[in-house]
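Worksheet: the structure to be examined is printed underneath.
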Amino acid sequence: MDQDEALTAVDNVVTQFNTYEDFLDSQITTVDLYYLEDESLARQLVELGYRGMGEIVKREDFEARKAAIEVARLAERTQKKILTSAGKELQDNFLKALAMREEDNRNGKSVIFIRDKNPHGQEISGYIDYAARLKNEDFEVYFNGKKKLLPRPSDMSFYNWDSHIAVCNSSPNYQVIADNPEGLLFKYKRDRKILNVDPKAQPGDNSTRIPIETELYIQAVIFDHISRRKT
């Protein structure tokens, strides 16, 4: 039996039986039990290859493959995490745009610009790392309309037009370049490409600037970046 056939044999056993003992029991016949009169001894003989009706599968191979299959199952379950926006009847274009990008932004791609009024009636604006906010907070309240997504002082950029408070912070996905004489720039950390958010300039390589017609905000723009770097 070659290696591929051996792995297939182990996989067949692992998927069919919950424990190695269950597999051993399946190899024991009533005749074996009649003559041996000891189930434990019968199991040992099967494990050693002296008894059994099928292929010999070692305990360590069974347990190692069982553990590997469980790890793969958990990884797949994590990857298939249900999207927060799934199944919701979204009416506004901005929320639809966020929902359309939610899955892609598990790994960090989009920057959101929002200009609007805060709960105190002050005009604020800022740039948000969509993936970072997705990872650190529950977007359920935004998609179901209970709260509005607004820039915060902890986002990549925040400006309060009434108090003139201005803050910039690099995010897990983007480095802020605030000292550029032509305006604010963001460098995507994965491929080191520059995103230019100036509406009068091109956004940069592999990036697009998409203004969103929305009733929720004074202004909303989404910048999408496609990384060409292999991960």
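Ligands are numbered from 1 in the order shown, residues from 1 within each chain, and chains are lettered A, B, ... in the order they appear in the structure tokens.
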*Selection: 9 Å around region 102-104 of chain A, only C-alpha atoms, excl. self and same-chain fewer than 4 positions, as a list in words*: Leu83, Thr84, Ser85, Ala97, Leu98, Gly108, Lys109, Ser110, Tyr130, Ala131 and Leu134 of chain A
Who sits within 10 Å of Leu149 (chain A), only C-alpha atoms, same chain under 5 positions skipped, as a PDB file with N, CA, C and O atoms, in the first residue's frame:
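Final output, result28.pdb:
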```
ATOM      1  N   LEU A  95     -25.289  51.667   3.828  1.00  0.00           N
ATOM      2  CA  LEU A  95     -25.311  50.372   4.510  1.00  0.00           C
ATOM      3  C   LEU A  95     -25.186  49.224   3.525  1.00  0.00           C
ATOM      4  O   LEU A  95     -24.543  48.207   3.808  1.00  0.00           O
ATOM      5  N   ILE A 114     -16.395  59.737   6.362  1.00  0.00           N
ATOM      6  CA  ILE A 114     -17.732  60.191   6.771  1.00  0.00           C
ATOM      7  C   ILE A 114     -17.651  61.628   7.264  1.00  0.00           C
ATOM      8  O   ILE A 114     -16.750  61.991   8.030  1.00  0.00           O
ATOM      9  N   ILE A 128     -12.015  56.088   8.423  1.00  0.00           N
ATOM     10  CA  ILE A 128     -12.166  54.892   9.255  1.00  0.00           C
ATOM     11  C   ILE A 128     -11.575  53.679   8.540  1.00  0.00           C
ATOM     12  O   ILE A 128     -11.866  53.441   7.361  1.00  0.00           O
ATOM     13  N   ARG A 133     -12.437  48.417  12.562  1.00  0.00           N
ATOM     14  CA  ARG A 133     -13.675  48.607  13.324  1.00  0.00           C
ATOM     15  C   ARG A 133     -14.511  47.326  13.318  1.00  0.00           C
ATOM     16  O   ARG A 133     -15.140  46.985  14.323  1.00  0.00           O
ATOM     17  N   PHE A 139     -21.020  45.272  14.522  1.00  0.00           N
ATOM     18  CA  PHE A 139     -21.668  46.130  13.538  1.00  0.00           C
ATOM     19  C   PHE A 139     -23.175  45.870  13.435  1.00  0.00           C
ATOM     20  O   PHE A 139     -23.855  46.466  12.610  1.00  0.00           O
ATOM     21  N   VAL A 141     -25.447  46.837  15.401  1.00  0.00           N
ATOM     22  CA  VAL A 141     -26.201  48.055  15.724  1.00  0.00           C
ATOM     23  C   VAL A 141     -26.228  49.030  14.547  1.00  0.00           C
ATOM     24  O   VAL A 141     -27.148  49.844  14.425  1.00  0.00           O
ATOM     25  N   TYR A 142     -25.232  48.963  13.678  1.00  0.00           N
ATOM     26  CA  TYR A 142     -25.199  49.844  12.509  1.00  0.00           C
ATOM     27  C   TYR A 142     -26.093  49.302  11.394  1.00  0.00           C
ATOM     28  O   TYR A 142     -26.858  50.041  10.779  1.00  0.00           O
ATOM     29  N   PHE A 143     -25.990  47.993  11.166  1.00  0.00           N
ATOM     30  CA  PHE A 143     -26.776  47.398  10.091  1.00  0.00           C
ATOM     31  C   PHE A 143     -28.272  47.347  10.407  1.00  0.00           C
ATOM     32  O   PHE A 143     -29.097  47.370   9.496  1.00  0.00           O
ATOM     33  N   LEU A 216     -28.145  59.095   5.115  1.00  0.00           N
ATOM     34  CA  LEU A 216     -27.718  58.994   6.511  1.00  0.00           C
ATOM     35  C   LEU A 216     -26.689  60.030   6.892  1.00  0.00           C
ATOM     36  O   LEU A 216     -26.586  60.418   8.066  1.00  0.00           O
ATOM     37  N   TYR A 217     -25.887  60.499   5.921  1.00  0.00           N
ATOM     38  CA  TYR A 217     -24.763  61.370   6.230  1.00  0.00           C
ATOM     39  C   TYR A 217     -24.731  62.585   5.305  1.00  0.00           C
ATOM     40  O   TYR A 217     -25.287  62.565   4.204  1.00  0.00           O
TER      41      TYR A 217
END
```
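Shortest separation to Ile212 (chain A) among A:Arg73, A:Lys147, A:Arg59, A:Arg115 occurs at residue A:Arg115, atoms counted being only C-alpha atoms.
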*In Å to one decimal, how far is CA of Lys187 (chain A) from CA of Pro151 (chain A)?*
19.2 Å
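By chain and then residue number, the residues within 7 Å of Gln175 (chain A) are Ser170, Phe186, Lys187, Tyr188 and Lys189 of chain A, counting only C-alpha atoms and disregarding those fewer than 5 positions away in sequence.
Look at Asp162 (chain A): the protein and nucleic acid residues within 7 Å of it, using only C-alpha atoms and passing over chain neighbours fewer than 2 places away, are Gln122, Glu123, Asn160 and His164 of chain A.
Distances here use only C-alpha atoms; by that measure, the residue among A:Ser125, A:Ser40, A:Ser227, A:Asn93 closest to Asn105 (chain A) is A:Ser227.
Closest approach to Leu184 (chain A) among A:Gly121, A:Gly145, A:Pro172, A:Pro203: A:Pro203, based on only C-alpha atoms.
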*Mind checking DSSP for region 143-185 of chain A and telling me the strand (DSSP E) residues as a count of residues only?*
13
